[in-house]
file my_file23.txt (compact mmCIF, C-alpha atoms)
# COMPACT_ATOMS: atom_id res chain seq x y z
CA MET V 42 12.95 10.32 -39.35
CA ASP V 43 12.72 13.55 -37.43
CA PHE V 44 15.12 14.07 -34.55
CA GLN V 45 13.96 16.69 -32.08
CA VAL V 46 16.86 18.77 -30.75
CA PRO V 47 16.61 18.62 -26.94
CA ASN V 48 15.89 21.97 -25.32
CA THR V 49 18.71 23.89 -23.71
CA LEU V 50 18.53 24.41 -19.96
CA ALA V 51 17.43 28.03 -20.43
CA GLU V 52 14.62 26.93 -22.77
CA GLN V 53 13.44 24.37 -20.22
CA ILE V 54 13.38 27.06 -17.51
CA ALA V 55 11.54 29.43 -19.87
CA ASN V 56 8.91 26.77 -20.66
CA TYR V 57 8.48 25.97 -16.97
CA LEU V 58 7.99 29.63 -16.04
CA ALA V 59 5.77 30.26 -19.09
CA GLU V 60 3.46 27.45 -17.96
CA ARG V 61 3.25 28.98 -14.48
CA ILE V 62 2.52 32.47 -15.87
CA MET V 63 -0.01 31.21 -18.45
CA THR V 64 -1.97 29.25 -15.84
CA GLY V 65 -1.92 32.12 -13.35
CA GLN V 66 0.30 30.41 -10.74
CA ILE V 67 2.58 33.42 -11.22
CA ARG V 68 0.12 36.29 -11.17
CA PRO V 69 0.11 39.31 -13.51
CA GLY V 70 2.52 41.92 -12.14
CA GLU V 71 4.22 39.46 -9.74
CA ARG V 72 7.99 39.96 -9.36
CA ILE V 73 10.28 37.13 -10.44
CA HIS V 74 13.54 37.09 -8.47
CA GLU V 75 16.52 35.52 -10.21
CA ALA V 76 18.53 34.39 -7.20
CA PRO V 77 15.88 32.42 -5.21
CA LEU V 78 14.61 30.91 -8.47
CA ALA V 79 18.10 29.71 -9.38
CA VAL V 80 18.37 28.07 -5.93
CA GLU V 81 14.87 26.54 -6.18
CA LEU V 82 15.53 25.07 -9.65
CA LYS V 83 19.19 24.17 -8.87
CA VAL V 84 20.45 26.07 -11.92
CA SER V 85 22.82 29.02 -12.46
CA ARG V 86 21.59 32.62 -12.33
CA ALA V 87 22.88 33.03 -15.90
CA SER V 88 20.45 30.32 -17.08
CA VAL V 89 17.57 32.01 -15.25
CA LYS V 90 18.52 35.35 -16.80
CA GLU V 91 18.61 33.77 -20.27
CA ALA V 92 15.15 32.26 -19.67
CA LEU V 93 13.80 35.65 -18.60
CA TYR V 94 14.93 37.20 -21.91
CA THR V 95 12.99 34.49 -23.77
CA LEU V 96 9.91 35.20 -21.62
CA GLU V 97 10.26 38.91 -22.40
CA ARG V 98 10.19 38.11 -26.11
CA TRP V 99 7.03 36.06 -25.45
CA HIS V 100 5.36 39.12 -23.84
CA LEU V 101 5.01 37.23 -20.53
CA VAL V 102 7.69 39.06 -18.56
CA GLU V 103 8.80 42.66 -18.39
CA ILE V 104 12.45 43.31 -17.55
CA ILE V 105 13.34 46.72 -16.22
CA PRO V 106 17.11 47.36 -16.24
CA ARG V 107 18.52 47.55 -12.71
CA LYS V 108 15.04 46.73 -11.28
CA GLY V 109 14.43 43.13 -12.31
CA ALA V 110 11.70 41.05 -13.89
CA ALA V 111 7.95 40.76 -13.33
CA ALA V 112 5.10 38.91 -15.04
CA THR V 113 3.38 41.31 -17.46
CA GLN V 114 0.01 42.79 -16.54
CA LEU V 115 -3.09 41.24 -18.04
CA ASN V 116 -6.19 43.38 -17.83
CA ALA V 117 -8.96 43.95 -20.37
CA LYS V 118 -7.14 46.91 -22.01
CA PHE V 119 -3.84 45.03 -22.34
CA ALA V 120 -5.59 41.94 -23.72
CA ALA V 121 -7.43 44.08 -26.29
CA GLU V 122 -4.19 45.71 -27.48
CA LEU V 123 -2.42 42.35 -27.57
CA TYR V 124 -5.24 40.84 -29.61
CA ASP V 125 -5.32 43.82 -31.95
CA VAL V 126 -1.69 43.34 -33.06
CA TYR V 127 -2.10 39.57 -33.16
CA MET V 128 -5.18 39.93 -35.40
CA HIS V 129 -3.36 42.27 -37.80
CA LEU V 130 -0.53 39.76 -38.13
CA LEU V 131 -3.04 36.95 -38.75
CA VAL V 132 -4.72 39.05 -41.45
CA MET V 133 -1.32 39.48 -43.09
CA LEU V 134 -0.73 35.72 -42.79
CA ALA V 135 -4.05 34.93 -44.49
CA THR V 136 -3.39 37.50 -47.24
CA ARG V 137 -0.02 36.01 -48.11
CA LEU V 138 -1.38 32.48 -47.75
CA CYS V 139 -4.08 33.22 -50.37
CA GLU V 140 -1.32 34.32 -52.75
CA ARG V 141 1.31 31.71 -52.02
CA TRP V 142 -0.23 28.29 -51.32
CA GLN V 143 0.42 25.63 -53.91
CA GLU V 144 -1.25 22.29 -54.63
CA ALA V 145 1.41 20.44 -52.68
CA ASP V 146 0.55 22.42 -49.50
CA LEU V 147 -3.17 21.62 -49.46
CA ASP V 148 -2.93 18.25 -47.70
CA ARG V 149 -1.10 19.47 -44.65
CA LEU V 150 -3.17 22.68 -44.48
CA LEU V 151 -6.50 20.87 -44.56
CA ASN V 152 -5.20 18.17 -42.26
CA SER V 153 -4.25 20.74 -39.60
CA VAL V 154 -7.72 22.31 -39.88
CA SER V 155 -9.52 18.98 -39.52
CA GLN V 156 -7.65 18.36 -36.27
CA VAL V 157 -9.26 21.48 -34.79
CA THR V 158 -12.73 20.42 -35.95
CA GLU V 159 -12.15 16.96 -34.47
CA GLN V 160 -11.20 18.44 -31.08
CA ILE V 161 -14.29 20.66 -31.06
CA ARG V 162 -16.54 17.71 -31.95
CA GLN V 163 -15.54 15.80 -28.76
CA PRO V 164 -18.45 15.63 -26.26
CA GLN V 165 -16.44 17.38 -23.52
CA ALA V 166 -14.17 19.49 -25.71
CA ASP V 167 -10.77 20.09 -24.08
CA ILE V 168 -10.17 23.86 -24.45
CA SER V 169 -6.41 23.64 -24.30
CA ALA V 170 -6.42 20.91 -26.98
CA VAL V 171 -8.60 23.12 -29.20
CA VAL V 172 -6.29 26.10 -28.66
CA GLU V 173 -3.21 23.95 -29.32
CA ALA V 174 -4.75 22.58 -32.55
CA SER V 175 -5.65 26.15 -33.66
CA PHE V 176 -2.06 27.28 -33.13
CA ASN V 177 -0.98 24.28 -35.14
CA VAL V 178 -3.05 25.58 -38.08
CA MET V 179 -1.34 28.96 -37.70
CA GLU V 180 2.09 27.33 -37.70
CA THR V 181 1.28 25.27 -40.78
CA CYS V 182 0.17 28.47 -42.57
CA CYS V 183 3.40 30.17 -41.44
CA ALA V 184 5.45 27.33 -42.92
CA VAL V 185 3.66 27.73 -46.28
CA VAL V 186 3.94 31.55 -46.33
CA ASP V 187 7.61 31.30 -45.30
CA ASN V 188 8.20 34.84 -44.04
CA PRO V 189 10.65 34.36 -41.13
CA PHE V 190 9.80 37.74 -39.55
CA LEU V 191 6.06 37.05 -39.57
CA THR V 192 6.58 33.52 -38.24
CA GLU V 193 8.73 34.87 -35.42
CA ALA V 194 6.31 37.66 -34.48
CA LEU V 195 3.34 35.28 -34.42
CA SER V 196 5.15 32.59 -32.45
CA ASN V 197 6.28 35.22 -29.93
CA PHE V 198 2.62 36.16 -29.41
CA LYS V 199 1.49 32.57 -28.89
CA PRO V 200 2.24 32.28 -25.14
CA ALA V 201 0.55 35.58 -24.25
CA VAL V 202 -2.50 34.73 -26.37
CA SER V 203 -2.65 31.26 -24.74
CA ARG V 204 -2.56 32.93 -21.36
CA ALA V 205 -5.55 35.11 -22.31
CA TYR V 206 -7.44 32.02 -23.56
CA TYR V 207 -6.63 30.13 -20.39
CA LEU V 208 -8.05 32.91 -18.23
CA GLY V 209 -11.12 33.13 -20.45
CA ALA V 210 -11.58 29.35 -20.93
CA ASP V 211 -15.20 29.20 -19.76
CA ARG V 212 -16.28 31.94 -22.10
CA TYR V 213 -14.16 30.46 -24.87
CA ARG V 214 -16.15 27.22 -24.43
CA GLN V 215 -19.39 29.14 -25.10
CA GLY V 216 -17.90 30.42 -28.35
CA LEU V 217 -16.88 27.01 -29.73
CA ALA V 218 -19.68 26.97 -32.31
CA GLN V 219 -18.24 30.17 -33.80
CA THR V 220 -14.75 28.66 -33.78
CA SER V 221 -16.12 25.66 -35.64
CA THR V 222 -17.81 27.83 -38.29
CA PHE V 223 -14.64 29.91 -38.67
CA PHE V 224 -12.52 26.84 -39.37
CA ALA V 225 -15.09 25.60 -41.90
CA GLU V 226 -15.29 28.94 -43.77
CA LEU V 227 -11.63 30.02 -43.80
CA PRO V 228 -10.24 27.09 -45.85
CA LYS V 229 -12.89 27.70 -48.54
CA ALA V 230 -11.91 31.38 -48.83
CA VAL V 231 -8.18 30.57 -48.90
CA MET V 232 -8.63 27.83 -51.51
CA ALA V 233 -10.58 30.30 -53.66
CA ARG V 234 -7.67 32.75 -53.10
CA ASP V 235 -10.34 35.20 -51.91
CA THR V 236 -8.15 37.64 -49.96
CA THR V 237 -10.95 40.04 -49.02
CA LYS V 238 -13.16 37.28 -47.60
CA SER V 239 -10.26 35.65 -45.71
CA GLN V 240 -9.35 39.00 -44.17
CA ARG V 241 -12.96 39.63 -43.15
CA LEU V 242 -13.36 36.16 -41.62
CA ILE V 243 -10.21 36.59 -39.53
CA HIS V 244 -11.14 40.12 -38.53
CA ASP V 245 -14.65 39.11 -37.40
CA PHE V 246 -13.49 35.98 -35.60
CA ALA V 247 -10.68 37.82 -33.80
CA GLU V 248 -13.01 40.66 -32.78
CA HIS V 249 -15.35 38.06 -31.29
CA GLN V 250 -12.50 36.33 -29.42
CA LYS V 251 -11.26 39.70 -28.20
CA GLN V 252 -14.67 40.50 -26.75
CA LEU V 253 -14.87 37.12 -24.97
CA ILE V 254 -11.47 37.71 -23.40
CA GLN V 255 -12.27 41.29 -22.46
CA GLN V 256 -15.49 40.15 -20.77
CA ALA V 257 -13.56 37.47 -18.88
CA LEU V 258 -11.02 40.02 -17.66
CA GLY V 259 -13.32 43.03 -17.30
CA MET L 1186 12.62 68.26 -17.04
CA ASP L 1187 13.35 64.91 -18.64
CA PHE L 1188 16.06 62.77 -17.13
CA GLN L 1189 17.42 60.14 -19.49
CA VAL L 1190 18.21 56.90 -17.68
CA PRO L 1191 21.81 56.01 -18.61
CA ASN L 1192 22.07 52.82 -20.67
CA THR L 1193 23.12 49.62 -18.96
CA LEU L 1194 26.41 48.09 -20.05
CA ALA L 1195 24.57 45.43 -22.08
CA GLU L 1196 22.57 48.13 -23.89
CA GLN L 1197 25.76 50.02 -24.70
CA ILE L 1198 27.32 46.84 -26.13
CA ALA L 1199 24.11 46.13 -28.10
CA ASN L 1200 24.12 49.64 -29.57
CA TYR L 1201 27.81 49.37 -30.46
CA LEU L 1202 27.31 46.04 -32.24
CA ALA L 1203 24.06 47.21 -33.87
CA GLU L 1204 25.94 50.16 -35.39
CA ARG L 1205 28.59 47.81 -36.77
CA ILE L 1206 25.99 45.43 -38.22
CA MET L 1207 23.85 48.26 -39.66
CA THR L 1208 26.80 49.88 -41.41
CA GLY L 1209 28.07 46.54 -42.74
CA GLN L 1210 31.31 46.44 -40.71
CA ILE L 1211 29.96 43.14 -39.40
CA ARG L 1212 28.76 41.46 -42.59
CA PRO L 1213 25.49 39.53 -43.05
CA GLY L 1214 26.02 35.96 -41.88
CA GLU L 1215 29.28 36.77 -40.05
CA ARG L 1216 29.79 34.86 -36.79
CA ILE L 1217 30.00 36.87 -33.56
CA HIS L 1218 32.11 35.14 -30.93
CA GLU L 1219 31.32 35.99 -27.30
CA ALA L 1220 34.69 35.34 -25.70
CA PRO L 1221 37.02 37.41 -27.95
CA LEU L 1222 34.42 40.20 -28.02
CA ALA L 1223 34.31 40.29 -24.21
CA VAL L 1224 38.12 40.59 -24.15
CA GLU L 1225 38.14 43.26 -26.88
CA LEU L 1226 35.51 45.38 -25.11
CA LYS L 1227 36.86 44.64 -21.60
CA VAL L 1228 33.43 43.43 -20.39
CA SER L 1229 32.09 40.16 -18.98
CA ARG L 1230 30.82 37.38 -21.24
CA ALA L 1231 27.47 37.68 -19.45
CA SER L 1232 27.14 41.30 -20.64
CA VAL L 1233 27.99 40.26 -24.21
CA LYS L 1234 25.42 37.45 -24.03
CA GLU L 1235 22.78 39.88 -22.79
CA ALA L 1236 23.59 42.28 -25.65
CA LEU L 1237 23.24 39.44 -28.17
CA TYR L 1238 19.70 38.69 -26.93
CA THR L 1239 18.80 42.34 -27.52
CA LEU L 1240 20.28 42.16 -31.03
CA GLU L 1241 18.25 39.02 -31.69
CA ARG L 1242 15.07 40.90 -30.75
CA TRP L 1243 16.18 43.62 -33.20
CA HIS L 1244 16.43 41.02 -36.01
CA LEU L 1245 20.15 41.78 -36.43
CA VAL L 1246 21.54 38.61 -34.89
CA GLU L 1247 20.48 34.99 -35.01
CA ILE L 1248 21.35 32.86 -31.99
CA ILE L 1249 21.42 29.12 -32.47
CA PRO L 1250 21.48 27.23 -29.14
CA ARG L 1251 24.81 25.46 -28.62
CA LYS L 1252 26.13 26.97 -31.89
CA GLY L 1253 26.45 30.69 -31.17
CA ALA L 1254 25.49 33.99 -32.74
CA ALA L 1255 25.81 35.40 -36.25
CA ALA L 1256 24.64 38.57 -37.97
CA THR L 1257 21.38 37.83 -39.83
CA GLN L 1258 21.41 37.47 -43.60
CA LEU L 1259 20.34 40.43 -45.69
CA ASN L 1260 19.47 39.60 -49.27
CA ALA L 1261 16.68 40.89 -51.51
CA LYS L 1262 14.23 38.16 -50.42
CA PHE L 1263 14.89 38.72 -46.68
CA ALA L 1264 14.60 42.49 -47.07
CA ALA L 1265 11.28 42.09 -48.92
CA GLU L 1266 9.84 39.85 -46.20
CA LEU L 1267 11.12 42.19 -43.47
CA TYR L 1268 9.56 45.16 -45.20
CA ASP L 1269 6.30 43.31 -45.72
CA VAL L 1270 5.74 42.75 -41.98
CA TYR L 1271 6.99 46.24 -41.16
CA MET L 1272 4.52 47.74 -43.67
CA HIS L 1273 1.60 45.79 -42.22
CA LEU L 1274 2.44 47.06 -38.74
CA LEU L 1275 2.68 50.64 -40.07
CA VAL L 1276 -0.73 50.25 -41.72
CA MET L 1277 -2.13 49.15 -38.37
CA LEU L 1278 -0.42 52.12 -36.71
CA ALA L 1279 -1.98 54.57 -39.19
CA THR L 1280 -5.41 52.93 -38.81
CA ARG L 1281 -5.41 53.27 -35.05
CA LEU L 1282 -3.88 56.77 -35.28
CA CYS L 1283 -6.80 57.92 -37.47
CA GLU L 1284 -9.19 56.69 -34.76
CA ARG L 1285 -7.33 57.79 -31.65
CA TRP L 1286 -5.55 61.13 -32.17
CA GLN L 1287 -6.94 64.05 -30.20
CA GLU L 1288 -6.54 67.82 -30.55
CA ALA L 1289 -3.81 67.85 -27.90
CA ASP L 1290 -1.66 65.44 -29.98
CA LEU L 1291 -1.65 67.49 -33.19
CA ASP L 1292 1.22 69.80 -32.28
CA ARG L 1293 3.77 67.11 -31.59
CA LEU L 1294 2.58 65.00 -34.53
CA LEU L 1295 2.88 67.82 -37.05
CA ASN L 1296 6.12 68.97 -35.48
CA SER L 1297 7.72 65.56 -35.95
CA VAL L 1298 6.60 65.54 -39.60
CA SER L 1299 8.00 69.00 -40.30
CA GLN L 1300 11.39 67.83 -39.07
CA VAL L 1301 11.49 65.22 -41.84
CA THR L 1302 10.51 67.79 -44.49
CA GLU L 1303 13.19 70.14 -43.18
CA GLN L 1304 15.88 67.44 -43.46
CA ILE L 1305 14.83 66.60 -47.02
CA ARG L 1306 14.91 70.29 -48.03
CA GLN L 1307 18.62 70.58 -47.15
CA PRO L 1308 20.77 71.01 -50.31
CA GLN L 1309 22.85 67.88 -49.56
CA ALA L 1310 20.22 65.90 -47.65
CA ASP L 1311 21.80 63.63 -45.03
CA ILE L 1312 20.12 60.25 -45.56
CA SER L 1313 20.67 59.02 -42.01
CA ALA L 1314 19.18 62.27 -40.65
CA VAL L 1315 16.11 61.80 -42.90
CA VAL L 1316 15.73 58.18 -41.80
CA GLU L 1317 16.15 59.16 -38.14
CA ALA L 1318 13.53 61.93 -38.47
CA SER L 1319 11.14 59.48 -40.17
CA PHE L 1320 11.52 57.01 -37.31
CA ASN L 1321 10.83 59.87 -34.96
CA VAL L 1322 7.46 60.40 -36.67
CA MET L 1323 6.72 56.70 -36.22
CA GLU L 1324 7.61 56.87 -32.54
CA THR L 1325 5.43 59.94 -32.01
CA CYS L 1326 2.51 58.10 -33.65
CA CYS L 1327 3.21 55.07 -31.42
CA ALA L 1328 3.04 57.29 -28.33
CA VAL L 1329 -0.37 58.63 -29.42
CA VAL L 1330 -1.79 55.19 -30.34
CA ASP L 1331 -0.43 53.75 -27.08
CA ASN L 1332 -0.51 50.04 -27.90
CA PRO L 1333 2.57 48.66 -26.08
CA PHE L 1334 2.73 45.51 -28.25
CA LEU L 1335 2.65 47.48 -31.49
CA THR L 1336 5.22 49.98 -30.18
CA GLU L 1337 7.53 47.14 -29.20
CA ALA L 1338 7.17 45.28 -32.50
CA LEU L 1339 7.83 48.43 -34.52
CA SER L 1340 10.79 49.52 -32.41
CA ASN L 1341 12.27 46.03 -32.71
CA PHE L 1342 12.10 46.37 -36.50
CA LYS L 1343 13.80 49.77 -36.52
CA PRO L 1344 17.45 48.57 -36.53
CA ALA L 1345 16.93 46.00 -39.31
CA VAL L 1346 15.01 48.52 -41.43
CA SER L 1347 17.77 51.11 -40.83
CA ARG L 1348 20.31 48.54 -41.98
CA ALA L 1349 18.38 48.02 -45.21
CA TYR L 1350 18.18 51.81 -45.74
CA TYR L 1351 21.89 52.17 -45.06
CA LEU L 1352 22.75 49.57 -47.70
CA GLY L 1353 20.36 51.21 -50.13
CA ALA L 1354 21.25 54.83 -49.28
CA ASP L 1355 22.10 55.91 -52.84
CA ARG L 1356 18.82 54.61 -54.21
CA TYR L 1357 16.98 56.03 -51.21
CA ARG L 1358 18.40 59.45 -52.14
CA GLN L 1359 16.81 59.15 -55.61
CA GLY L 1360 13.45 58.53 -53.95
CA LEU L 1361 13.51 61.57 -51.66
CA ALA L 1362 10.89 63.44 -53.71
CA GLN L 1363 8.47 60.56 -53.07
CA THR L 1364 9.34 60.61 -49.36
CA SER L 1365 8.60 64.32 -49.31
CA THR L 1366 5.20 63.86 -51.01
CA PHE L 1367 4.34 61.01 -48.64
CA PHE L 1368 5.01 63.15 -45.57
CA ALA L 1369 2.91 65.96 -47.05
CA GLU L 1370 -0.06 63.69 -47.89
CA LEU L 1371 -0.19 61.43 -44.83
CA PRO L 1372 -0.90 64.11 -42.19
CA LYS L 1373 -3.83 65.39 -44.28
CA ALA L 1374 -5.37 61.92 -44.47
CA VAL L 1375 -4.83 61.28 -40.74
CA MET L 1376 -6.28 64.66 -39.76
CA ALA L 1377 -9.33 63.89 -41.91
CA ARG L 1378 -9.47 60.49 -40.09
CA ASP L 1379 -9.48 58.95 -43.56
CA THR L 1380 -8.38 55.40 -42.72
CA THR L 1381 -8.62 54.03 -46.25
CA LYS L 1382 -6.49 56.80 -47.72
CA SER L 1383 -3.89 56.58 -44.92
CA GLN L 1384 -3.62 52.83 -45.45
CA ARG L 1385 -3.20 53.27 -49.20
CA LEU L 1386 -0.54 55.99 -48.79
CA ILE L 1387 1.50 53.79 -46.45
CA HIS L 1388 1.05 50.73 -48.61
CA ASP L 1389 2.18 52.53 -51.78
CA PHE L 1390 5.10 54.30 -50.09
CA ALA L 1391 6.31 51.10 -48.43
CA GLU L 1392 6.03 49.13 -51.68
CA HIS L 1393 8.16 51.81 -53.36
CA GLN L 1394 10.76 51.69 -50.57
CA LYS L 1395 10.76 47.91 -50.70
CA GLN L 1396 11.54 47.99 -54.41
CA LEU L 1397 14.41 50.46 -53.91
CA ILE L 1398 15.93 48.22 -51.26
CA GLN L 1399 15.42 45.08 -53.31
CA GLN L 1400 17.14 46.72 -56.29
CA ALA L 1401 20.03 47.78 -54.05
CA LEU L 1402 20.45 44.23 -52.74
CA GLY L 1403 19.46 42.34 -55.88
call {"tool": "encode", "arguments": {"input": "my_file23.txt", "output": "structure tokens"}}
result
Amino acid sequence: MDFQVPNTLAEQIANYLAERIMTGQIRPGERIHEAPLAVELKVSRASVKEALYTLERWHLVEIIPRKGAAATQLNAKFAAELYDVYMHLLVMLATRLCERWQEADLDRLLNSVSQVTEQIRQPQADISAVVEASFNVMETCCAVVDNPFLTEALSNFKPAVSRAYYLGADRYRQGLAQTSTFFAELPKAVMARDTTKSQRLIHDFAEHQKQLIQQALG
Amino acid sequence: MDFQVPNTLAEQIANYLAERIMTGQIRPGERIHEAPLAVELKVSRASVKEALYTLERWHLVEIIPRKGAAATQLNAKFAAELYDVYMHLLVMLATRLCERWQEADLDRLLNSVSQVTEQIRQPQADISAVVEASFNVMETCCAVVDNPFLTEALSNFKPAVSRAYYLGADRYRQGLAQTSTFFAELPKAVMARDTTKSQRLIHDFAEHQKQLIQQALG
């Protein structure tokens, strides 16, 4: 049986603020003031400060010493640069996955992929469920590749990438057919240990996603 | 004229602890206790906590909620995985540099490179000066490429990579000829906007460095 360690107070505050930034309730560039927030949430300023450091690691908040914290900007240029690094890390993930997967990993890998396909197949596909299932594939791949630095970097990008998806949800919906094709093609390339093809599939898919998001923000 | 903003107290504590972790005075895996450290340094626990979050972002400290902080492990496997992500980010940096540099950037780029070559040419080359000059090249390239997420990821890797160099300094010294060749070849490839060659040069150099470090830690 798996026991989930309950989140610390700071983690709960970070998740609460992340949700508000991702959904646009806290707007890009908006200042986040520690003291009123601590009063509003009935927590200590130290806990708020700790949460803000987590949000900085997630690329959702910028902390300027002696100035304070603000939600990071999110315009077309920023989103493109964010996506560019994210894509390069995903290409690395796919490369190492092609080299490292073993028979015993196949079940959970394919299972995580089929959950994305299932979500897309729903008549009124729920975008956030599709995005969540896609991240779940990424996390399963990270567990197989087992590079703690790569896992950390990718999981730190997840909230900011989610935020970009959320803002571009309508356009993302139009691209679901491509998402579906991508998740059908990638497992074949990985199972054939075809590094070049896996890299190209990720590159092309990410470029397409990047354009959707840039159009949504442009 | 450039005014340097003085470091905050937390940054000063982070730098002090980073130095001790990088040079091995705080050993891999060693626990770091907030309270005695705050007393020793005559600072508040909040400042120590803030410094530990910075060190976590630098991959030098691992913080486990409700358990506390410890210096991260550094064995051959960890160093290889660290170097693998670092190399992929450097390949991305070189790729974008080939596309984005402009005439006005050449002076400062070539200047930063010649400082590395100068350090290597010294009769008793100072390894930490060579490493510092190499990082300076990376930072100059980051400024030209101007992707804030890439800059942040690379600068967060700098302390952990320095730590690996420090532990492998003697072997690094044996590889200085290769370092010198690398810094002679790379600018030519970048100036020719030859992405493929730049990527290959970085890949081969980083693989060589990775092996030196692995041997030193193995």
call {"tool": "residues_around", "arguments": {"input": "my_file23.txt", "residues": "stretch 174-185 of chain V", "least_positions_apart": "5", "cutoff": "6 Å", "atoms": "all atoms listed in the file", "output": "MDAnalysis selection string"}}
result
chainID V and resid 153:154 157 192
call {"tool": "atom_distance", "arguments": {"input": "my_file23.txt", "atom1": "atom CA of L:Met1376", "atom2": "atom CA of L:Val1276"}}
result
15.6 Å
call {"tool": "interface_residues", "arguments": {"input": "my_file23.txt", "of": "chain L", "to": "chain V", "cutoff": "9 Å", "atoms": "all atoms listed in the file", "output": "ChimeraX atom specification"}}
result
/L:1192-1193,1231,1234-1235,1238-1239,1242,1244,1250-1251,1263,1266-1267,1269-1270,1273-1274,1277,1331-1335,1338
call {"tool": "axis_aligned_box", "arguments": {"input": "my_file23.txt", "around": "stretch 107-114 of chain V", "padding_each_side": "6 Å", "output": "AutoDock Vina command-line options"}}
result
--center_x 9.3 --center_y 43.2 --center_z -14.4 --size_x 30.5 --size_y 20.6 --size_z 18.2
call {"tool": "residues_around", "arguments": {"input": "my_file23.txt", "residues": "V:Tyr213", "least_positions_apart": "4", "cutoff": "9 Å", "atoms": "all atoms listed in the file", "output": "PDB file with C-alpha atoms, in the coordinates of the input"}}
result
ATOM      1  CA  ILE V 168     -10.170  23.860 -24.450  1.00  0.00           C
ATOM      2  CA  TYR V 206      -7.440  32.020 -23.560  1.00  0.00           C
ATOM      3  CA  TYR V 207      -6.630  30.130 -20.390  1.00  0.00           C
ATOM      4  CA  GLY V 209     -11.120  33.130 -20.450  1.00  0.00           C
ATOM      5  CA  LEU V 217     -16.880  27.010 -29.730  1.00  0.00           C
ATOM      6  CA  GLN V 250     -12.500  36.330 -29.420  1.00  0.00           C
ATOM      7  CA  LEU V 253     -14.870  37.120 -24.970  1.00  0.00           C
ATOM      8  CA  ILE V 254     -11.470  37.710 -23.400  1.00  0.00           C
TER       9      ILE V 254
END
call {"tool": "atom_distance", "arguments": {"input": "my_file23.txt", "atom1": "atom CA of V:Ile243", "atom2": "atom CA of V:Glu144"}}
result
22.6 Å
call {"tool": "atom_distance", "arguments": {"input": "my_file23.txt", "atom1": "atom CA of L:Ala1203", "atom2": "atom CA of L:His1388"}}
result
27.6 Å
call {"tool": "residues_around", "arguments": {"input": "my_file23.txt", "residues": "L:Trp1286", "least_positions_apart": "3", "cutoff": "8 Å", "atoms": "only C-alpha atoms", "output": "list in words"}}
result
Leu1282, Cys1283, Asp1290, Leu1291, Val1329 and Val1330 of chain L
call {"tool": "closest_residue", "arguments": {"input": "my_file23.txt", "among": "L:Gln1363, L:Glu1392, L:Leu1194, L:Thr1208", "to": "L:Val1228", "atoms": "all atoms listed in the file"}}
result
L:Leu1194
call {"tool": "residues_around", "arguments": {"input": "my_file23.txt", "residues": "L:Glu1370", "least_positions_apart": "3", "cutoff": "12 Å", "atoms": "only C-alpha atoms", "output": "VMD selection string"}}
result
chain L and resid 1295 1298 1302 1363 to 1367 1373 to 1377 1379 1382 to 1387 1390
call {"tool": "residues_around", "arguments": {"input": "my_file23.txt", "residues": "L:Leu1202", "least_positions_apart": "3", "cutoff": "9 Å", "atoms": "all atoms listed in the file", "output": "VMD selection string"}}
result
chain L and resid 1197 to 1199 1205 to 1207 1211 1236 to 1237 1240
call {"tool": "closest_residue", "arguments": {"input": "my_file23.txt", "among": "V:Gln215, V:Gln114, V:Ser196, V:Ser203", "to": "V:Ile161", "atoms": "all atoms listed in the file"}}
result
V:Gln215
